[in-house]
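Student: Structure file coords_11.pdb, PDB, C-alpha atoms, is pasted below:
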ATOM      1  CA  MET F 134       0.000   0.000   0.000
ATOM      2  CA  ASN F 135       1.377   3.412  -0.954
ATOM      3  CA  GLN F 136       1.905   5.848   1.860
ATOM      4  CA  PRO F 137       0.845   9.427   1.166
ATOM      5  CA  ALA F 138       3.608  11.981   0.922
ATOM      6  CA  PRO F 139       4.410  13.943   4.077
ATOM      7  CA  ALA F 140       2.781  17.334   4.428
ATOM      8  CA  ASP F 141       4.535  20.677   4.616
ATOM      9  CA  SER F 142       4.208  22.213   8.111
ATOM     10  CA  SER F 143       2.776  25.448   6.708
ATOM     11  CA  LEU F 144       0.041  23.428   4.984
ATOM     12  CA  LEU F 145      -0.657  21.640   8.251
ATOM     13  CA  THR F 146      -1.159  25.000   9.953
ATOM     14  CA  TYR F 147      -3.280  26.161   7.020
ATOM     15  CA  THR F 148      -5.528  23.104   7.427
ATOM     16  CA  HIS F 149      -5.893  23.810  11.159
ATOM     17  CA  VAL F 150      -7.002  27.353  10.299
ATOM     18  CA  ILE F 151      -9.642  25.955   7.939
ATOM     19  CA  TYR F 152     -10.996  23.660  10.666
ATOM     20  CA  ALA F 153     -10.970  26.607  13.081
ATOM     21  CA  LEU F 154     -13.042  28.673  10.650
ATOM     22  CA  HIS F 155     -15.538  25.823  10.255
ATOM     23  CA  ALA F 156     -15.647  25.400  14.042
ATOM     24  CA  LEU F 157     -16.293  29.135  14.413
ATOM     25  CA  SER F 158     -19.297  28.807  12.098
ATOM     26  CA  VAL F 159     -20.587  25.905  14.181
ATOM     27  CA  LEU F 160     -20.089  27.908  17.384
ATOM     28  CA  ILE F 161     -21.953  30.872  15.910
ATOM     29  CA  GLY F 162     -24.786  28.503  14.979
ATOM     30  CA  VAL F 163     -24.928  27.024  18.475
ATOM     31  CA  THR F 164     -24.764  30.313  20.358
ATOM     32  CA  GLY F 165     -26.643  32.629  18.009
ATOM     33  CA  PRO F 166     -30.085  32.794  16.464
ATOM     34  CA  ALA F 167     -28.987  30.758  13.417
ATOM     35  CA  THR F 168     -28.867  26.974  13.213
ATOM     36  CA  ILE F 169     -25.564  25.128  13.019
ATOM     37  CA  VAL F 170     -26.114  24.201   9.391
ATOM     38  CA  GLY F 171     -27.376  27.684   8.490
ATOM     39  CA  SER F 172     -24.339  29.306  10.013
ATOM     40  CA  PHE F 173     -22.092  26.681   8.426
ATOM     41  CA  VAL F 174     -23.257  27.017   4.820
ATOM     42  CA  PHE F 175     -24.149  30.712   4.816
ATOM     43  CA  GLY F 176     -21.698  32.058   7.386
ATOM     44  CA  LEU F 177     -18.622  33.974   6.295
ATOM     45  CA  PRO F 178     -16.119  31.824   8.254
ATOM     46  CA  SER F 179     -17.088  28.601   6.438
ATOM     47  CA  ILE F 180     -17.356  30.310   3.074
ATOM     48  CA  ILE F 181     -13.850  31.688   3.549
ATOM     49  CA  ALA F 182     -12.682  28.214   4.668
ATOM     50  CA  VAL F 183     -14.015  26.444   1.581
ATOM     51  CA  ILE F 184     -12.464  29.092  -0.668
ATOM     52  CA  MET F 185      -9.168  28.520   1.153
ATOM     53  CA  ASN F 186      -9.568  24.780   0.433
ATOM     54  CA  TYR F 187      -9.908  25.393  -3.279
ATOM     55  CA  VAL F 188      -7.061  27.926  -3.404
ATOM     56  CA  ARG F 189      -4.480  25.521  -1.922
ATOM     57  CA  ARG F 190      -5.975  22.170  -2.961
ATOM     58  CA  SER F 191      -3.296  21.508  -5.569
ATOM     59  CA  ASP F 192      -0.609  22.105  -2.910
ATOM     60  CA  VAL F 193      -1.818  19.162  -0.810
ATOM     61  CA  ARG F 194      -2.275  16.672  -3.677
ATOM     62  CA  GLY F 195      -0.509  13.433  -2.878
ATOM     63  CA  SER F 196      -0.128  14.222   0.839
ATOM     64  CA  TRP F 197      -2.285  12.938   3.666
ATOM     65  CA  LEU F 198      -3.735  16.465   3.958
ATOM     66  CA  ASP F 199      -5.498  15.870   0.646
ATOM     67  CA  SER F 200      -8.003  13.706   2.535
ATOM     68  CA  HIS F 201      -8.712  16.579   4.917
ATOM     69  CA  PHE F 202      -9.275  19.053   2.108
ATOM     70  CA  SER F 203     -11.681  16.637   0.407
ATOM     71  CA  TRP F 204     -13.428  16.015   3.748
ATOM     72  CA  GLN F 205     -13.862  19.748   4.391
ATOM     73  CA  ILE F 206     -15.062  20.529   0.883
ATOM     74  CA  ARG F 207     -17.530  17.629   0.849
ATOM     75  CA  THR F 208     -18.839  18.583   4.287
ATOM     76  CA  PHE F 209     -19.625  22.104   3.060
ATOM     77  CA  TRP F 210     -21.274  21.102  -0.226
ATOM     78  CA  PHE F 211     -23.271  18.179   1.179
ATOM     79  CA  ALA F 212     -24.544  20.338   4.056
ATOM     80  CA  LEU F 213     -25.682  22.927   1.505
ATOM     81  CA  LEU F 214     -27.294  20.248  -0.658
ATOM     82  CA  TRP F 215     -29.157  18.610   2.225
ATOM     83  CA  ILE F 216     -30.452  21.842   3.734
ATOM     84  CA  THR F 217     -31.590  22.993   0.275
ATOM     85  CA  LEU F 218     -33.431  19.706  -0.279
ATOM     86  CA  ALA F 219     -34.990  20.012   3.177
ATOM     87  CA  GLY F 220     -36.219  23.490   2.256
ATOM     88  CA  ILE F 221     -37.659  22.316  -1.055
ATOM     89  CA  ILE F 222     -39.445  19.382   0.574
ATOM     90  CA  SER F 223     -40.620  21.370   3.596
ATOM     91  CA  ALA F 224     -41.939  24.421   1.719
ATOM     92  CA  PRO F 225     -45.156  22.814   0.410
ATOM     93  CA  LEU F 226     -45.668  21.067   3.749
ATOM     94  CA  VAL F 227     -46.007  24.452   5.473
ATOM     95  CA  LEU F 228     -49.534  24.553   4.075
ATOM     96  CA  LEU F 229     -50.391  21.367   5.998
ATOM     97  CA  LEU F 230     -50.827  22.804   9.485
ATOM     98  CA  GLY F 231     -47.263  24.053   9.571
ATOM     99  CA  LEU F 232     -45.816  20.572   9.154
ATOM    100  CA  GLY F 233     -43.093  22.001   6.915
ATOM    101  CA  ILE F 234     -41.723  24.069   9.783
ATOM    102  CA  VAL F 235     -41.303  20.910  11.828
ATOM    103  CA  THR F 236     -39.731  18.903   8.996
ATOM    104  CA  PHE F 237     -37.309  21.712   8.176
ATOM    105  CA  PHE F 238     -36.344  22.149  11.841
ATOM    106  CA  VAL F 239     -35.720  18.411  12.233
ATOM    107  CA  ALA F 240     -33.679  18.302   9.001
ATOM    108  CA  ALA F 241     -31.661  21.353  10.070
ATOM    109  CA  ALA F 242     -30.946  19.735  13.447
ATOM    110  CA  VAL F 243     -29.857  16.429  11.870
ATOM    111  CA  VAL F 244     -27.642  18.083   9.260
ATOM    112  CA  GLY F 245     -26.255  20.392  11.952
ATOM    113  CA  LEU F 246     -25.262  17.421  14.103
ATOM    114  CA  TRP F 247     -23.671  15.785  11.053
ATOM    115  CA  VAL F 248     -21.655  18.971  10.381
ATOM    116  CA  LEU F 249     -20.585  19.107  14.031
ATOM    117  CA  TYR F 250     -19.468  15.467  13.858
ATOM    118  CA  ARG F 251     -17.512  16.060  10.629
ATOM    119  CA  VAL F 252     -15.705  19.131  11.973
ATOM    120  CA  ILE F 253     -14.783  17.414  15.246
ATOM    121  CA  ARG F 254     -13.763  14.095  13.658
ATOM    122  CA  GLY F 255     -11.724  15.810  10.959
ATOM    123  CA  TRP F 256      -9.938  18.162  13.319
ATOM    124  CA  LEU F 257      -9.091  15.347  15.743
ATOM    125  CA  ALA F 258      -7.692  13.251  12.879
ATOM    126  CA  LEU F 259      -5.622  16.242  11.751
ATOM    127  CA  ARG F 260      -4.314  16.717  15.292
ATOM    128  CA  ASP F 261      -3.313  13.052  15.342
ATOM    129  CA  GLY F 262      -1.640  13.297  11.920
ATOM    130  CA  LYS F 263      -4.042  10.842  10.309
ATOM    131  CA  PRO F 264      -5.754  10.958   6.924
ATOM    132  CA  LEU F 265      -9.516  10.566   6.786
ATOM    133  CA  PRO F 266     -11.225   7.514   5.304
ATOM    134  CA  GLY F 267     -12.951   7.578   1.958
ATOM    135  CA  SER F 268     -10.727  10.297   0.607
ATOM    136  CA  PRO F 269      -7.847  10.263  -1.863
TER     137      PRO F 269
END
Mind turning the file's structure into structure tokens?
Tutor:
Amino acid sequence: MNQPAPADSSLLTYTHVIYALHALSVLIGVTGPATIVGSFVFGLPSIIAVIMNYVRRSDVRGSWLDSHFSWQIRTFWFALLWITLAGIISAPLVLLLGLGIVTFFVAAAVVGLWVLYRVIRGWLALRDGKPLPGSP
């Protein structure tokens, strides 16, 4: 089995900063009026973080940090996809005694917990110097 190339220490720090920005979005969602997922996909810290991922993605190719960049990017885009689908499905249900409000709230809570899990798991793996599964 091929071992990924070692990562440059500046890229390791860069990846920590990206996780910190995502964690800041989660914290804003937990402590503010927004939901975790709302703050994550629409909040400036996570938007900046995903842009940072794309800007330096080629620099981490072939290193174990590549898995973290893929993990972070997929977390952002899947959270956006799922909350958008929840909105589309819940919108017509609002007419049925407000059922759509409940379905959207439940979906936002589930996706928010998933985002929280992904940020924590990814950052802990980074701290331990480990790549993430299911990534290049």
Student: Smallest atom-to-atom distance to Ala182 in chain F: which of F:Leu232, F:Ala153, F:Val252, F:Ala212, using all atoms listed in the file?
Tutor: F:Ala153
Student: Name all residues at most 9 Å from Arg190 in chain F (count all atoms listed in the file; drop same-chain ones fewer than 5 positions away) and give them as a list in words.
Tutor: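 The residues satisfying every condition are Met185, Asp199, Phe202 and Ser203 of chain F.
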Student: Find the residues near His149 in chain F: any atom within 10 Å, counting all atoms listed in the file, skip ones fewer than 5 places away on the same chain, and give them as a list in words.
Tutor: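 Using all atoms listed in the file, the neighbours found are Ser143, Leu144, Leu154, His155, His201, Gly255, Trp256, Leu259 and Arg260 of chain F.
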Student: When the PyMOL selection byres ((chain F and resi 170) around 12) is applied to the file above, which residues end up in the set, as number ranges by chain?
Tutor: F: 155-156, 158-163, 166-169, 171-176, 179, 208-217, 219, 237-252
Student: Please measure the separation of CA of Leu265 in chain F and CA of Ile181 in chain F, giving the value in Å to one decimal.
Tutor: 21.8 Å
Student: Provide the CA of Ala258 in chain F to CA of Pro178 in chain F distance in Å, to one decimal place.
Tutor: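 Answer for the CA of Ala258 in chain F to CA of Pro178 in chain F separation: 20.9 Å.
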Student: Since the input is missing atoms for range 185-207 of chain F, could you rebuild it with N, CA and C atoms and give the result as a PDB file, keeping the file's coordinate frame?
Tutor:
ATOM      1  N   MET F 185     -10.564  28.844   0.826  1.00  0.00           N
ATOM      2  CA  MET F 185      -9.168  28.520   1.153  1.00  0.00           C
ATOM      3  C   MET F 185      -8.824  27.089   0.719  1.00  0.00           C
ATOM      4  N   ASN F 186      -9.780  26.161   0.886  1.00  0.00           N
ATOM      5  CA  ASN F 186      -9.568  24.780   0.433  1.00  0.00           C
ATOM      6  C   ASN F 186      -9.279  24.737  -1.060  1.00  0.00           C
ATOM      7  N   TYR F 187     -10.086  25.427  -1.826  1.00  0.00           N
ATOM      8  CA  TYR F 187      -9.908  25.393  -3.279  1.00  0.00           C
ATOM      9  C   TYR F 187      -8.624  26.098  -3.716  1.00  0.00           C
ATOM     10  N   VAL F 188      -8.260  27.171  -3.034  1.00  0.00           N
ATOM     11  CA  VAL F 188      -7.061  27.926  -3.404  1.00  0.00           C
ATOM     12  C   VAL F 188      -5.792  27.088  -3.253  1.00  0.00           C
ATOM     13  N   ARG F 189      -5.717  26.276  -2.197  1.00  0.00           N
ATOM     14  CA  ARG F 189      -4.480  25.521  -1.922  1.00  0.00           C
ATOM     15  C   ARG F 189      -4.634  24.013  -2.166  1.00  0.00           C
ATOM     16  N   ARG F 190      -5.737  23.605  -2.775  1.00  0.00           N
ATOM     17  CA  ARG F 190      -5.975  22.170  -2.961  1.00  0.00           C
ATOM     18  C   ARG F 190      -4.857  21.489  -3.742  1.00  0.00           C
ATOM     19  N   SER F 191      -4.358  22.131  -4.773  1.00  0.00           N
ATOM     20  CA  SER F 191      -3.296  21.508  -5.569  1.00  0.00           C
ATOM     21  C   SER F 191      -2.011  21.349  -4.751  1.00  0.00           C
ATOM     22  N   ASP F 192      -1.815  22.188  -3.746  1.00  0.00           N
ATOM     23  CA  ASP F 192      -0.609  22.105  -2.910  1.00  0.00           C
ATOM     24  C   ASP F 192      -0.593  20.872  -2.006  1.00  0.00           C
ATOM     25  N   VAL F 193      -1.760  20.324  -1.710  1.00  0.00           N
ATOM     26  CA  VAL F 193      -1.818  19.162  -0.810  1.00  0.00           C
ATOM     27  C   VAL F 193      -1.989  17.846  -1.561  1.00  0.00           C
ATOM     28  N   ARG F 194      -2.115  17.901  -2.881  1.00  0.00           N
ATOM     29  CA  ARG F 194      -2.275  16.672  -3.677  1.00  0.00           C
ATOM     30  C   ARG F 194      -1.140  15.709  -3.382  1.00  0.00           C
ATOM     31  N   GLY F 195      -1.509  14.459  -3.144  1.00  0.00           N
ATOM     32  CA  GLY F 195      -0.509  13.433  -2.878  1.00  0.00           C
ATOM     33  C   GLY F 195      -0.082  13.335  -1.425  1.00  0.00           C
ATOM     34  N   SER F 196      -0.460  14.296  -0.588  1.00  0.00           N
ATOM     35  CA  SER F 196      -0.128  14.222   0.839  1.00  0.00           C
ATOM     36  C   SER F 196      -1.362  13.741   1.603  1.00  0.00           C
ATOM     37  N   TRP F 197      -1.160  13.387   2.848  1.00  0.00           N
ATOM     38  CA  TRP F 197      -2.285  12.938   3.666  1.00  0.00           C
ATOM     39  C   TRP F 197      -3.265  14.083   3.950  1.00  0.00           C
ATOM     40  N   LEU F 198      -2.829  15.323   3.774  1.00  0.00           N
ATOM     41  CA  LEU F 198      -3.735  16.465   3.958  1.00  0.00           C
ATOM     42  C   LEU F 198      -4.788  16.547   2.856  1.00  0.00           C
ATOM     43  N   ASP F 199      -4.521  15.900   1.735  1.00  0.00           N
ATOM     44  CA  ASP F 199      -5.498  15.870   0.646  1.00  0.00           C
ATOM     45  C   ASP F 199      -6.833  15.314   1.144  1.00  0.00           C
ATOM     46  N   SER F 200      -6.770  14.293   2.005  1.00  0.00           N
ATOM     47  CA  SER F 200      -8.003  13.706   2.535  1.00  0.00           C
ATOM     48  C   SER F 200      -8.771  14.716   3.388  1.00  0.00           C
ATOM     49  N   HIS F 201      -8.051  15.567   4.090  1.00  0.00           N
ATOM     50  CA  HIS F 201      -8.712  16.579   4.917  1.00  0.00           C
ATOM     51  C   HIS F 201      -9.369  17.659   4.052  1.00  0.00           C
ATOM     52  N   PHE F 202      -8.691  18.058   3.011  1.00  0.00           N
ATOM     53  CA  PHE F 202      -9.275  19.053   2.108  1.00  0.00           C
ATOM     54  C   PHE F 202     -10.544  18.503   1.460  1.00  0.00           C
ATOM     55  N   SER F 203     -10.490  17.257   1.002  1.00  0.00           N
ATOM     56  CA  SER F 203     -11.681  16.637   0.407  1.00  0.00           C
ATOM     57  C   SER F 203     -12.804  16.536   1.437  1.00  0.00           C
ATOM     58  N   TRP F 204     -12.466  16.152   2.646  1.00  0.00           N
ATOM     59  CA  TRP F 204     -13.428  16.015   3.748  1.00  0.00           C
ATOM     60  C   TRP F 204     -14.111  17.361   4.022  1.00  0.00           C
ATOM     61  N   GLN F 205     -13.320  18.419   4.103  1.00  0.00           N
ATOM     62  CA  GLN F 205     -13.862  19.748   4.391  1.00  0.00           C
ATOM     63  C   GLN F 205     -14.745  20.245   3.252  1.00  0.00           C
ATOM     64  N   ILE F 206     -14.288  20.076   2.041  1.00  0.00           N
ATOM     65  CA  ILE F 206     -15.062  20.529   0.883  1.00  0.00           C
ATOM     66  C   ILE F 206     -16.371  19.761   0.787  1.00  0.00           C
ATOM     67  N   ARG F 207     -16.301  18.436   0.927  1.00  0.00           N
ATOM     68  CA  ARG F 207     -17.530  17.629   0.849  1.00  0.00           C
ATOM     69  C   ARG F 207     -18.488  17.963   1.981  1.00  0.00           C
TER      70      ARG F 207
END
